[in-house]
Amino acid sequence: MIGGNGSLSLAHLYREIYTGLQLVCIPKTIDMDVPLTDKTIGFDTAVQQLVSYCDQLLMTARSHHRWFVVQTMGRDCGNLALNAGIAIAADAILIPEIKFDINNLVKHIKQSRRDFGIIMVAEGISIRGHSGKPADMVSRELTKNGIANRTAFPEHIQRAGDTISSDRILATGFAETALNAIESGETFVMTALQNNEYKTVSLDDFFNAGKQEKDPHIIGAMTSNACVEPDNILLHIATDAGIYIGEKKK
């Protein structure tokens with residue numbers, strides 16, 4: 001089985017369907033929200049797609065003296081926005097895992113020495129008292145405070161494009177790991193990359209390791225979700241680089 005945390009969680013829940021079969025799962029999702037693996041197939045390519053998209057936006061941002069609020073995918077996980085945001089040197093990165101103050105964001109942008117830039121917003125964030133798409137909510141607040149801006153929605157561009165080499169290598173490593181697991185008789189396992197080592201982990205361990213939440217589409221089903229942890233090194237890098245990421249405790 002090849003899929004994201006939803007597919008793997010359902011495989012764990014409905015394991016009786018696979019009775020008598022060997023089940024080996026391979027994590028593939030641009031959200032990188034699967035517990036117990038450092039990478040998922042598709043993530044690096046999605047980050048590159050966002051970087052290329054934002055590189056083009058910056059040309060217009062610079063020439064028209066305005067800010068762009070770019071909304072990424074990722075569901076309730078901020079990994080995609082965080083990685084792409086650092087790669088393009090965004091001035092702010094807003095993710096679901098870290099609370100932010102919209103007034104402090106406005107203050108940060110106003111104190112910038114430039115009149116253009118990128119504000120990266122994960123689709124899973126929310127602003128109290130506001131409704132609609134996250135990028136639109138942020139944009140309205142910027143406009144209210146006299147900051148010229150536009151919103152940008154890469155949408156499914158993030159899920160397309162030529163697969164970059166690191167994803168191809170990861171997929172090959174997962175494929176070999178899965179074939180070895182089949183040959184050795186393993187079942188109900190998931191391939192994983194941990195500390196640059198390919199291995200398998202049990203679906204039980206995968207499910208128990210993540211934050212368990214109700215599946216939004218299937219009554220009675222639960223999904224196991226990974227997220228950006230407070231000690232993620234990229235959060236420290238972003239803070240040291242002067243990127244506003246919210247009210248992160250130091």
# chains A, B, ... in the order shown; residues from 1 in each chain; ligands from 1
$ residues_around --residues "range 176-179 of chain A" --least-positions-apart "6" --cutoff "8 Å" --atoms "only C-alpha atoms" --output "VMD selection string"
chain A and resid 24 to 26 191 198 to 200
$ residues_around --residues "Asp55 in chain A" --least-positions-apart "2" --cutoff "12 Å" --atoms "only C-alpha atoms" --output "list in words"
Gln48, Gln49, Leu50, Val51, Ser52, Tyr53, Leu57, Leu58, Met59, Thr60, Ala61, Arg62, Phe68, Val70, Ala84, Gly85, Ala87, Ile88, Ala89, Ala90, Gly117 and Ile118 of chain A
$ write_last_selection --atoms "all heavy atoms" --output "compact mmCIF listing (two decimals), in the first residue's frame"
# COMPACT_ATOMS: atom_id res chain seq x y z
N GLN A 48 10.11 22.01 -3.59
CA GLN A 48 10.76 22.63 -4.74
C GLN A 48 9.75 23.35 -5.62
O GLN A 48 10.04 24.43 -6.16
CB GLN A 48 11.51 21.58 -5.56
CG GLN A 48 12.28 22.14 -6.74
CD GLN A 48 13.28 23.21 -6.32
OE1 GLN A 48 14.09 22.98 -5.41
NE2 GLN A 48 13.23 24.38 -6.94
N GLN A 49 8.58 22.77 -5.80
CA GLN A 49 7.54 23.42 -6.60
C GLN A 49 7.14 24.76 -5.97
O GLN A 49 6.96 25.76 -6.67
CB GLN A 49 6.32 22.51 -6.70
CG GLN A 49 6.50 21.31 -7.61
CD GLN A 49 6.64 21.72 -9.07
OE1 GLN A 49 7.75 21.86 -9.59
NE2 GLN A 49 5.53 21.93 -9.74
N LEU A 50 7.02 24.78 -4.66
CA LEU A 50 6.68 26.03 -3.96
C LEU A 50 7.79 27.06 -4.08
O LEU A 50 7.54 28.25 -4.25
CB LEU A 50 6.39 25.74 -2.48
CG LEU A 50 4.97 25.30 -2.14
CD1 LEU A 50 4.90 24.84 -0.69
CD2 LEU A 50 3.98 26.43 -2.37
N VAL A 51 9.02 26.60 -3.97
CA VAL A 51 10.16 27.51 -4.08
C VAL A 51 10.19 28.15 -5.46
O VAL A 51 10.36 29.37 -5.59
CB VAL A 51 11.48 26.76 -3.80
CG1 VAL A 51 12.68 27.62 -4.17
CG2 VAL A 51 11.56 26.37 -2.32
N SER A 52 10.02 27.35 -6.50
CA SER A 52 10.01 27.89 -7.86
C SER A 52 8.87 28.87 -8.06
O SER A 52 9.02 29.93 -8.69
CB SER A 52 9.89 26.75 -8.88
OG SER A 52 11.00 25.88 -8.78
N TYR A 53 7.72 28.54 -7.53
CA TYR A 53 6.53 29.41 -7.63
C TYR A 53 6.80 30.75 -6.95
O TYR A 53 6.52 31.82 -7.52
CB TYR A 53 5.36 28.69 -6.97
CG TYR A 53 4.05 29.43 -6.99
CD1 TYR A 53 3.16 29.29 -8.05
CD2 TYR A 53 3.66 30.22 -5.92
CE1 TYR A 53 1.94 29.94 -8.07
CE2 TYR A 53 2.44 30.89 -5.92
CZ TYR A 53 1.58 30.74 -7.00
OH TYR A 53 0.37 31.39 -6.99
N LEU A 57 7.03 34.83 -8.05
CA LEU A 57 6.21 35.86 -7.40
C LEU A 57 7.05 37.04 -6.92
O LEU A 57 6.61 38.20 -6.97
CB LEU A 57 5.47 35.27 -6.20
CG LEU A 57 4.16 34.51 -6.44
CD1 LEU A 57 3.55 34.14 -5.11
CD2 LEU A 57 3.18 35.35 -7.24
N LEU A 58 8.25 36.74 -6.45
CA LEU A 58 9.09 37.80 -5.90
C LEU A 58 9.44 38.86 -6.93
O LEU A 58 9.66 40.03 -6.59
CB LEU A 58 10.37 37.20 -5.29
CG LEU A 58 10.22 36.67 -3.87
CD1 LEU A 58 11.46 35.88 -3.46
CD2 LEU A 58 9.97 37.81 -2.88
N MET A 59 9.50 38.46 -8.19
CA MET A 59 9.78 39.45 -9.24
C MET A 59 8.67 40.50 -9.30
O MET A 59 8.93 41.70 -9.39
CB MET A 59 9.92 38.75 -10.60
CG MET A 59 11.07 37.78 -10.68
SD MET A 59 11.18 37.00 -12.33
CE MET A 59 12.49 35.81 -12.04
N THR A 60 7.43 40.03 -9.27
CA THR A 60 6.29 40.96 -9.26
C THR A 60 6.22 41.72 -7.95
O THR A 60 5.93 42.93 -7.93
CB THR A 60 4.97 40.18 -9.48
OG1 THR A 60 4.99 39.58 -10.76
CG2 THR A 60 3.77 41.11 -9.37
N ALA A 61 6.48 41.03 -6.85
CA ALA A 61 6.44 41.69 -5.55
C ALA A 61 7.42 42.86 -5.49
O ALA A 61 7.09 43.97 -5.02
CB ALA A 61 6.77 40.68 -4.45
N ARG A 62 8.61 42.63 -6.00
CA ARG A 62 9.65 43.68 -5.98
C ARG A 62 9.28 44.84 -6.90
O ARG A 62 9.39 46.00 -6.52
CB ARG A 62 10.99 43.08 -6.39
CG ARG A 62 12.15 44.08 -6.31
CD ARG A 62 13.45 43.45 -6.79
NE ARG A 62 13.88 42.36 -5.94
CZ ARG A 62 13.86 41.09 -6.27
NH1 ARG A 62 13.41 40.72 -7.47
NH2 ARG A 62 14.27 40.15 -5.44
N PHE A 68 3.18 39.39 -0.87
CA PHE A 68 2.34 38.28 -1.30
C PHE A 68 2.13 37.32 -0.13
O PHE A 68 3.09 36.92 0.53
CB PHE A 68 2.95 37.53 -2.47
CG PHE A 68 2.62 38.12 -3.81
CD1 PHE A 68 3.47 39.04 -4.41
CD2 PHE A 68 1.44 37.76 -4.46
CE1 PHE A 68 3.15 39.60 -5.63
CE2 PHE A 68 1.13 38.31 -5.70
CZ PHE A 68 1.97 39.24 -6.29
N VAL A 70 1.18 33.74 0.53
CA VAL A 70 1.12 32.48 -0.22
C VAL A 70 0.59 31.38 0.69
O VAL A 70 1.15 31.11 1.76
CB VAL A 70 2.51 32.09 -0.75
CG1 VAL A 70 2.43 30.76 -1.52
CG2 VAL A 70 3.08 33.19 -1.64
N ALA A 84 9.53 25.26 2.83
CA ALA A 84 9.53 26.14 1.67
C ALA A 84 9.77 27.58 2.08
O ALA A 84 10.48 28.33 1.40
CB ALA A 84 8.20 26.02 0.91
N GLY A 85 9.20 27.98 3.21
CA GLY A 85 9.37 29.35 3.69
C GLY A 85 10.81 29.70 3.99
O GLY A 85 11.29 30.79 3.64
N ALA A 87 13.39 28.16 2.65
CA ALA A 87 14.13 28.07 1.39
C ALA A 87 14.03 29.35 0.57
O ALA A 87 14.97 29.72 -0.13
CB ALA A 87 13.62 26.89 0.57
N ILE A 88 12.90 30.05 0.66
CA ILE A 88 12.74 31.28 -0.13
C ILE A 88 12.98 32.54 0.70
O ILE A 88 12.77 33.65 0.24
CB ILE A 88 11.33 31.35 -0.77
CG1 ILE A 88 10.25 31.31 0.30
CG2 ILE A 88 11.14 30.24 -1.78
CD1 ILE A 88 9.21 32.35 0.19
N ALA A 89 13.44 32.34 1.95
CA ALA A 89 13.70 33.47 2.86
C ALA A 89 12.44 34.32 3.05
O ALA A 89 12.46 35.55 2.92
CB ALA A 89 14.84 34.33 2.35
N ALA A 90 11.33 33.65 3.36
CA ALA A 90 10.08 34.37 3.63
C ALA A 90 10.26 35.27 4.85
O ALA A 90 11.09 34.99 5.73
CB ALA A 90 8.96 33.37 3.88
N GLY A 117 7.75 41.26 -0.29
CA GLY A 117 8.23 40.01 0.28
C GLY A 117 7.15 38.95 0.26
O GLY A 117 6.06 39.14 -0.28
N ILE A 118 7.46 37.81 0.89
CA ILE A 118 6.56 36.66 0.93
C ILE A 118 6.18 36.36 2.38
O ILE A 118 7.05 36.31 3.26
CB ILE A 118 7.20 35.41 0.32
CG1 ILE A 118 7.53 35.63 -1.17
CG2 ILE A 118 6.29 34.19 0.49
CD1 ILE A 118 6.36 35.62 -2.09
$ select_by_dssp --residues "range 105-235 of chain A" --states "helix (DSSP H, G or I)" --output "ChimeraX atom specification"
/A:105-110,134-144,155-159,165-183,203-209,233-235
$ closest_residue --among "A:Thr37, A:Asn104, A:Asn225, A:Ser9" --to "Asn196 in chain A" --atoms "only C-alpha atoms"
A:Thr37
$ closest_residue --among "A:Gln158, A:Ser184, A:Asn103, A:Thr172" --to "Glu141 in chain A" --atoms "only C-alpha atoms"
A:Asn103
$ select_by_dssp --residues "range 35-238 of chain A" --states "strand (DSSP E or B)" --output "PDB file with N, CA and C atoms, in the first residue's frame"
ATOM      1  N   ILE A  41       7.609  10.247   0.486  1.00  0.00           N
ATOM      2  CA  ILE A  41       7.754  10.458  -0.953  1.00  0.00           C
ATOM      3  C   ILE A  41       6.854  11.623  -1.393  1.00  0.00           C
ATOM      4  N   TRP A  67       3.427  42.955  -0.927  1.00  0.00           N
ATOM      5  CA  TRP A  67       3.663  41.675  -0.276  1.00  0.00           C
ATOM      6  C   TRP A  67       2.720  40.628  -0.861  1.00  0.00           C
ATOM      7  N   PHE A  68       3.184  39.386  -0.872  1.00  0.00           N
ATOM      8  CA  PHE A  68       2.336  38.281  -1.298  1.00  0.00           C
ATOM      9  C   PHE A  68       2.129  37.324  -0.125  1.00  0.00           C
ATOM     10  N   VAL A  69       0.875  36.998   0.127  1.00  0.00           N
ATOM     11  CA  VAL A  69       0.533  35.993   1.134  1.00  0.00           C
ATOM     12  C   VAL A  69       0.279  34.697   0.379  1.00  0.00           C
ATOM     13  N   VAL A  70       1.180  33.740   0.532  1.00  0.00           N
ATOM     14  CA  VAL A  70       1.120  32.479  -0.217  1.00  0.00           C
ATOM     15  C   VAL A  70       0.587  31.376   0.692  1.00  0.00           C
ATOM     16  N   GLN A  71      -0.491  30.735   0.274  1.00  0.00           N
ATOM     17  CA  GLN A  71      -1.088  29.664   1.071  1.00  0.00           C
ATOM     18  C   GLN A  71      -0.646  28.305   0.551  1.00  0.00           C
ATOM     19  N   THR A  72      -0.049  27.517   1.431  1.00  0.00           N
ATOM     20  CA  THR A  72       0.427  26.191   1.053  1.00  0.00           C
ATOM     21  C   THR A  72      -0.569  25.115   1.462  1.00  0.00           C
ATOM     22  N   ALA A  92       7.779  35.879   6.933  1.00  0.00           N
ATOM     23  CA  ALA A  92       6.961  35.286   7.986  1.00  0.00           C
ATOM     24  C   ALA A  92       6.473  33.925   7.524  1.00  0.00           C
ATOM     25  N   ILE A  93       6.367  32.991   8.463  1.00  0.00           N
ATOM     26  CA  ILE A  93       5.856  31.654   8.192  1.00  0.00           C
ATOM     27  C   ILE A  93       4.859  31.324   9.295  1.00  0.00           C
ATOM     28  N   LEU A  94       3.614  31.112   8.912  1.00  0.00           N
ATOM     29  CA  LEU A  94       2.568  30.810   9.888  1.00  0.00           C
ATOM     30  C   LEU A  94       2.134  29.359   9.711  1.00  0.00           C
ATOM     31  N   GLY A 117       7.749  41.264  -0.288  1.00  0.00           N
ATOM     32  CA  GLY A 117       8.234  40.005   0.275  1.00  0.00           C
ATOM     33  C   GLY A 117       7.150  38.948   0.262  1.00  0.00           C
ATOM     34  N   ILE A 118       7.464  37.809   0.887  1.00  0.00           N
ATOM     35  CA  ILE A 118       6.557  36.665   0.930  1.00  0.00           C
ATOM     36  C   ILE A 118       6.184  36.357   2.377  1.00  0.00           C
ATOM     37  N   ILE A 119       4.906  36.149   2.599  1.00  0.00           N
ATOM     38  CA  ILE A 119       4.408  35.642   3.874  1.00  0.00           C
ATOM     39  C   ILE A 119       3.826  34.260   3.582  1.00  0.00           C
ATOM     40  N   MET A 120       4.447  33.229   4.127  1.00  0.00           N
ATOM     41  CA  MET A 120       4.036  31.851   3.846  1.00  0.00           C
ATOM     42  C   MET A 120       3.028  31.407   4.903  1.00  0.00           C
ATOM     43  N   VAL A 121       1.872  30.941   4.439  1.00  0.00           N
ATOM     44  CA  VAL A 121       0.784  30.585   5.348  1.00  0.00           C
ATOM     45  C   VAL A 121       0.328  29.157   5.078  1.00  0.00           C
ATOM     46  N   ALA A 122       0.364  28.312   6.094  1.00  0.00           N
ATOM     47  CA  ALA A 122      -0.120  26.942   5.950  1.00  0.00           C
ATOM     48  C   ALA A 122      -1.643  26.933   5.974  1.00  0.00           C
ATOM     49  N   ASN A 149      -0.764  44.352  -0.516  1.00  0.00           N
ATOM     50  CA  ASN A 149      -0.505  42.922  -0.635  1.00  0.00           C
ATOM     51  C   ASN A 149      -1.488  42.260  -1.587  1.00  0.00           C
ATOM     52  N   ARG A 150      -1.141  41.042  -1.978  1.00  0.00           N
ATOM     53  CA  ARG A 150      -2.007  40.184  -2.768  1.00  0.00           C
ATOM     54  C   ARG A 150      -1.886  38.763  -2.208  1.00  0.00           C
ATOM     55  N   THR A 151      -2.900  37.955  -2.461  1.00  0.00           N
ATOM     56  CA  THR A 151      -2.831  36.550  -2.065  1.00  0.00           C
ATOM     57  C   THR A 151      -2.438  35.700  -3.272  1.00  0.00           C
ATOM     58  N   ALA A 152      -1.860  34.555  -3.000  1.00  0.00           N
ATOM     59  CA  ALA A 152      -1.465  33.630  -4.070  1.00  0.00           C
ATOM     60  C   ALA A 152      -1.718  32.209  -3.584  1.00  0.00           C
ATOM     61  N   VAL A 189       3.559  -3.682   8.326  1.00  0.00           N
ATOM     62  CA  VAL A 189       4.685  -2.795   8.600  1.00  0.00           C
ATOM     63  C   VAL A 189       4.674  -1.641   7.612  1.00  0.00           C
ATOM     64  N   MET A 190       5.424  -0.599   7.946  1.00  0.00           N
ATOM     65  CA  MET A 190       5.596   0.561   7.082  1.00  0.00           C
ATOM     66  C   MET A 190       7.083   0.801   6.886  1.00  0.00           C
ATOM     67  N   THR A 191       7.475   1.144   5.663  1.00  0.00           N
ATOM     68  CA  THR A 191       8.868   1.515   5.447  1.00  0.00           C
ATOM     69  C   THR A 191       9.097   2.909   6.034  1.00  0.00           C
ATOM     70  N   ALA A 192      10.308   3.141   6.498  1.00  0.00           N
ATOM     71  CA  ALA A 192      10.611   4.426   7.131  1.00  0.00           C
ATOM     72  C   ALA A 192      12.073   4.788   6.910  1.00  0.00           C
ATOM     73  N   LEU A 193      12.327   6.078   6.930  1.00  0.00           N
ATOM     74  CA  LEU A 193      13.695   6.588   6.921  1.00  0.00           C
ATOM     75  C   LEU A 193      13.926   7.270   8.253  1.00  0.00           C
ATOM     76  N   GLN A 194      14.851   6.730   9.027  1.00  0.00           N
ATOM     77  CA  GLN A 194      15.156   7.286  10.345  1.00  0.00           C
ATOM     78  C   GLN A 194      16.654   7.467  10.475  1.00  0.00           C
ATOM     79  N   GLU A 197      18.688   5.994   7.788  1.00  0.00           N
ATOM     80  CA  GLU A 197      18.674   4.532   7.688  1.00  0.00           C
ATOM     81  C   GLU A 197      17.287   4.063   7.271  1.00  0.00           C
ATOM     82  N   TYR A 198      17.232   3.208   6.240  1.00  0.00           N
ATOM     83  CA  TYR A 198      15.965   2.637   5.800  1.00  0.00           C
ATOM     84  C   TYR A 198      15.631   1.440   6.676  1.00  0.00           C
ATOM     85  N   LYS A 199      14.371   1.365   7.114  1.00  0.00           N
ATOM     86  CA  LYS A 199      13.954   0.256   7.976  1.00  0.00           C
ATOM     87  C   LYS A 199      12.452   0.082   7.856  1.00  0.00           C
ATOM     88  N   THR A 200      11.902  -0.878   8.580  1.00  0.00           N
ATOM     89  CA  THR A 200      10.459  -1.025   8.689  1.00  0.00           C
ATOM     90  C   THR A 200      10.047  -0.827  10.135  1.00  0.00           C
ATOM     91  N   VAL A 201       8.840  -0.289  10.320  1.00  0.00           N
ATOM     92  CA  VAL A 201       8.256  -0.158  11.651  1.00  0.00           C
ATOM     93  C   VAL A 201       6.853  -0.756  11.581  1.00  0.00           C
ATOM     94  N   SER A 202       6.366  -1.259  12.683  1.00  0.00           N
ATOM     95  CA  SER A 202       5.046  -1.875  12.682  1.00  0.00           C
ATOM     96  C   SER A 202       3.962  -0.811  12.544  1.00  0.00           C
ATOM     97  N   LYS A 211      -0.262  11.905  16.774  1.00  0.00           N
ATOM     98  CA  LYS A 211      -1.423  12.531  17.409  1.00  0.00           C
ATOM     99  C   LYS A 211      -2.672  11.969  16.740  1.00  0.00           C
ATOM    100  N   GLN A 212      -3.511  11.311  17.501  1.00  0.00           N
ATOM    101  CA  GLN A 212      -4.665  10.632  16.940  1.00  0.00           C
ATOM    102  C   GLN A 212      -5.890  11.542  16.926  1.00  0.00           C
ATOM    103  N   GLU A 213      -6.489  11.673  15.755  1.00  0.00           N
ATOM    104  CA  GLU A 213      -7.649  12.544  15.579  1.00  0.00           C
ATOM    105  C   GLU A 213      -8.708  11.839  14.739  1.00  0.00           C
ATOM    106  N   LYS A 214      -9.946  12.310  14.827  1.00  0.00           N
ATOM    107  CA  LYS A 214     -11.040  11.733  14.051  1.00  0.00           C
ATOM    108  C   LYS A 214     -10.825  12.006  12.571  1.00  0.00           C
ATOM    109  N   MET A 222     -10.048   6.853  12.935  1.00  0.00           N
ATOM    110  CA  MET A 222      -9.066   7.775  13.504  1.00  0.00           C
ATOM    111  C   MET A 222      -7.818   7.769  12.622  1.00  0.00           C
ATOM    112  N   THR A 223      -7.162   8.914  12.550  1.00  0.00           N
ATOM    113  CA  THR A 223      -5.890   8.988  11.835  1.00  0.00           C
ATOM    114  C   THR A 223      -4.786   9.336  12.819  1.00  0.00           C
ATOM    115  N   SER A 224      -3.591   8.892  12.511  1.00  0.00           N
ATOM    116  CA  SER A 224      -2.427   9.200  13.332  1.00  0.00           C
ATOM    117  C   SER A 224      -1.581  10.227  12.588  1.00  0.00           C
ATOM    118  N   ASN A 225      -1.356  11.370  13.215  1.00  0.00           N
ATOM    119  CA  ASN A 225      -0.736  12.495  12.523  1.00  0.00           C
ATOM    120  C   ASN A 225       0.569  12.942  13.172  1.00  0.00           C
TER     121      ASN A 225
END
$ residues_around --residues "range 142-147 of chain A" --least-positions-apart "6" --cutoff "9 Å" --atoms "only C-alpha atoms" --output "compact mmCIF listing (two decimals) with N, CA, C and O atoms, in the first residue's frame"
# COMPACT_ATOMS: atom_id res chain seq x y z
N ARG A 66 4.86 45.29 -3.27
CA ARG A 66 3.77 44.72 -2.49
C ARG A 66 4.19 43.38 -1.90
O ARG A 66 5.16 42.77 -2.32
N TRP A 67 3.43 42.96 -0.93
CA TRP A 67 3.66 41.68 -0.28
C TRP A 67 2.72 40.63 -0.86
O TRP A 67 1.61 40.95 -1.27
N ILE A 102 -1.72 38.24 15.14
CA ILE A 102 -1.80 38.96 13.87
C ILE A 102 -1.25 40.37 13.99
O ILE A 102 -0.65 40.91 13.05
N LEU A 105 2.45 40.13 13.72
CA LEU A 105 2.82 39.91 12.31
C LEU A 105 2.82 41.24 11.57
O LEU A 105 3.78 41.55 10.85
N VAL A 106 1.78 42.04 11.74
CA VAL A 106 1.70 43.35 11.09
C VAL A 106 2.88 44.22 11.51
O VAL A 106 3.52 44.88 10.68
N ILE A 109 6.08 43.09 9.74
CA ILE A 109 6.14 43.50 8.34
C ILE A 109 6.41 45.00 8.22
O ILE A 109 7.21 45.44 7.37
N LYS A 110 5.78 45.79 9.07
CA LYS A 110 5.98 47.24 9.02
C LYS A 110 7.40 47.63 9.37
O LYS A 110 7.93 48.64 8.89
N ASP A 115 9.61 46.92 1.09
CA ASP A 115 8.17 47.09 0.87
C ASP A 115 7.62 45.96 0.02
O ASP A 115 6.61 46.10 -0.66
$ closest_residue --among "A:Gly42, A:Gly74, A:Gly246, A:Gly3" --to "Ala226 in chain A" --atoms "only C-alpha atoms"
A:Gly74
$ residues_around --residues "range 234-240 of chain A" --least-positions-apart "6" --cutoff "8 Å" --atoms "only C-alpha atoms" --output "PDB file with C-alpha atoms, in the first residue's frame"
ATOM      1  CA  LEU A  82       8.102  25.768   7.110  1.00  0.00           C
ATOM      2  CA  ASN A  83      10.569  24.137   4.723  1.00  0.00           C
ATOM      3  CA  ILE A  86      12.938  29.023   4.881  1.00  0.00           C
TER       4      ILE A  86
END
$ atom_distance --atom1 "CA of Phe188 in chain A" --atom2 "CA of Leu23 in chain A"
5.0 Å
$ atom_distance --atom1 "CA of Lys28 in chain A" --atom2 "CA of Met73 in chain A"
14.7 Å
$ residues_around --residues "range 14-16 of chain A" --least-positions-apart "2" --cutoff "12 Å" --atoms "only C-alpha atoms" --output "list in words"
Ser7, Leu8, Ser9, Leu10, Ala11, His12, Tyr18, Thr19, Gly20, Leu21, Gln22, Leu23, Val24, Thr187, Phe188, Val189, Leu203, Asp204, Gly220, Ala221 and Met222 of chain A
$ write_last_selection --atoms "C-alpha atoms" --output "PDB file, in the first residue's frame"
ATOM      1  CA  SER A   7      -4.412   5.406   4.107  1.00  0.00           C
ATOM      2  CA  LEU A   8      -1.987   3.922   6.619  1.00  0.00           C
ATOM      3  CA  SER A   9      -4.305   4.653   9.557  1.00  0.00           C
ATOM      4  CA  LEU A  10      -7.202   2.939   7.771  1.00  0.00           C
ATOM      5  CA  ALA A  11      -4.989  -0.067   7.045  1.00  0.00           C
ATOM      6  CA  HIS A  12      -4.267  -0.246  10.771  1.00  0.00           C
ATOM      7  CA  TYR A  18      -5.788  -8.045   4.931  1.00  0.00           C
ATOM      8  CA  THR A  19      -5.964 -11.286   6.919  1.00  0.00           C
ATOM      9  CA  GLY A  20      -3.910 -13.895   5.107  1.00  0.00           C
ATOM     10  CA  LEU A  21      -2.027 -11.299   3.071  1.00  0.00           C
ATOM     11  CA  GLN A  22       1.287  -9.583   3.596  1.00  0.00           C
ATOM     12  CA  LEU A  23       0.755  -5.846   4.035  1.00  0.00           C
ATOM     13  CA  VAL A  24       3.752  -3.564   3.549  1.00  0.00           C
ATOM     14  CA  THR A 187       3.516  -7.914   7.458  1.00  0.00           C
ATOM     15  CA  PHE A 188       1.577  -4.959   8.846  1.00  0.00           C
ATOM     16  CA  VAL A 189       4.685  -2.795   8.600  1.00  0.00           C
ATOM     17  CA  LEU A 203       1.715  -0.265  11.851  1.00  0.00           C
ATOM     18  CA  ASP A 204       0.907  -0.430  15.561  1.00  0.00           C
ATOM     19  CA  GLY A 220     -15.570   6.145  13.602  1.00  0.00           C
ATOM     20  CA  ALA A 221     -12.136   6.174  11.975  1.00  0.00           C
ATOM     21  CA  MET A 222      -9.066   7.775  13.504  1.00  0.00           C
TER      22      MET A 222
END
$ decode --residues "range 189-201 of chain A" --atoms "N, CA and C atoms" --output "mmCIF file, in the first residue's frame"
data_model
loop_
_atom_site.group_PDB
_atom_site.id
_atom_site.type_symbol
_atom_site.label_atom_id
_atom_site.label_comp_id
_atom_site.auth_asym_id
_atom_site.auth_seq_id
_atom_site.Cartn_x
_atom_site.Cartn_y
_atom_site.Cartn_z
ATOM 1 N N VAL A 189 3.559 -3.682 8.326
ATOM 2 C CA VAL A 189 4.685 -2.795 8.600
ATOM 3 C C VAL A 189 4.674 -1.641 7.612
ATOM 4 N N MET A 190 5.424 -0.599 7.946
ATOM 5 C CA MET A 190 5.596 0.561 7.082
ATOM 6 C C MET A 190 7.083 0.801 6.886
ATOM 7 N N THR A 191 7.475 1.144 5.663
ATOM 8 C CA THR A 191 8.868 1.515 5.447
ATOM 9 C C THR A 191 9.097 2.909 6.034
ATOM 10 N N ALA A 192 10.308 3.141 6.498
ATOM 11 C CA ALA A 192 10.611 4.426 7.131
ATOM 12 C C ALA A 192 12.073 4.788 6.910
ATOM 13 N N LEU A 193 12.327 6.078 6.930
ATOM 14 C CA LEU A 193 13.695 6.588 6.921
ATOM 15 C C LEU A 193 13.926 7.270 8.253
ATOM 16 N N GLN A 194 14.851 6.730 9.027
ATOM 17 C CA GLN A 194 15.156 7.286 10.345
ATOM 18 C C GLN A 194 16.654 7.467 10.475
ATOM 19 N N ASN A 195 17.066 8.715 10.710
ATOM 20 C CA ASN A 195 18.497 9.015 10.851
ATOM 21 C C ASN A 195 19.312 8.460 9.683
ATOM 22 N N ASN A 196 18.761 8.660 8.481
ATOM 23 C CA ASN A 196 19.405 8.249 7.225
ATOM 24 C C ASN A 196 19.516 6.732 7.077
ATOM 25 N N GLU A 197 18.688 5.994 7.788
ATOM 26 C CA GLU A 197 18.674 4.532 7.688
ATOM 27 C C GLU A 197 17.287 4.063 7.271
ATOM 28 N N TYR A 198 17.232 3.208 6.240
ATOM 29 C CA TYR A 198 15.965 2.637 5.800
ATOM 30 C C TYR A 198 15.631 1.440 6.676
ATOM 31 N N LYS A 199 14.371 1.365 7.114
ATOM 32 C CA LYS A 199 13.954 0.256 7.976
ATOM 33 C C LYS A 199 12.452 0.082 7.856
ATOM 34 N N THR A 200 11.902 -0.878 8.580
ATOM 35 C CA THR A 200 10.459 -1.025 8.689
ATOM 36 C C THR A 200 10.047 -0.827 10.135
ATOM 37 N N VAL A 201 8.840 -0.289 10.320
ATOM 38 C CA VAL A 201 8.256 -0.158 11.651
ATOM 39 C C VAL A 201 6.853 -0.756 11.581
#
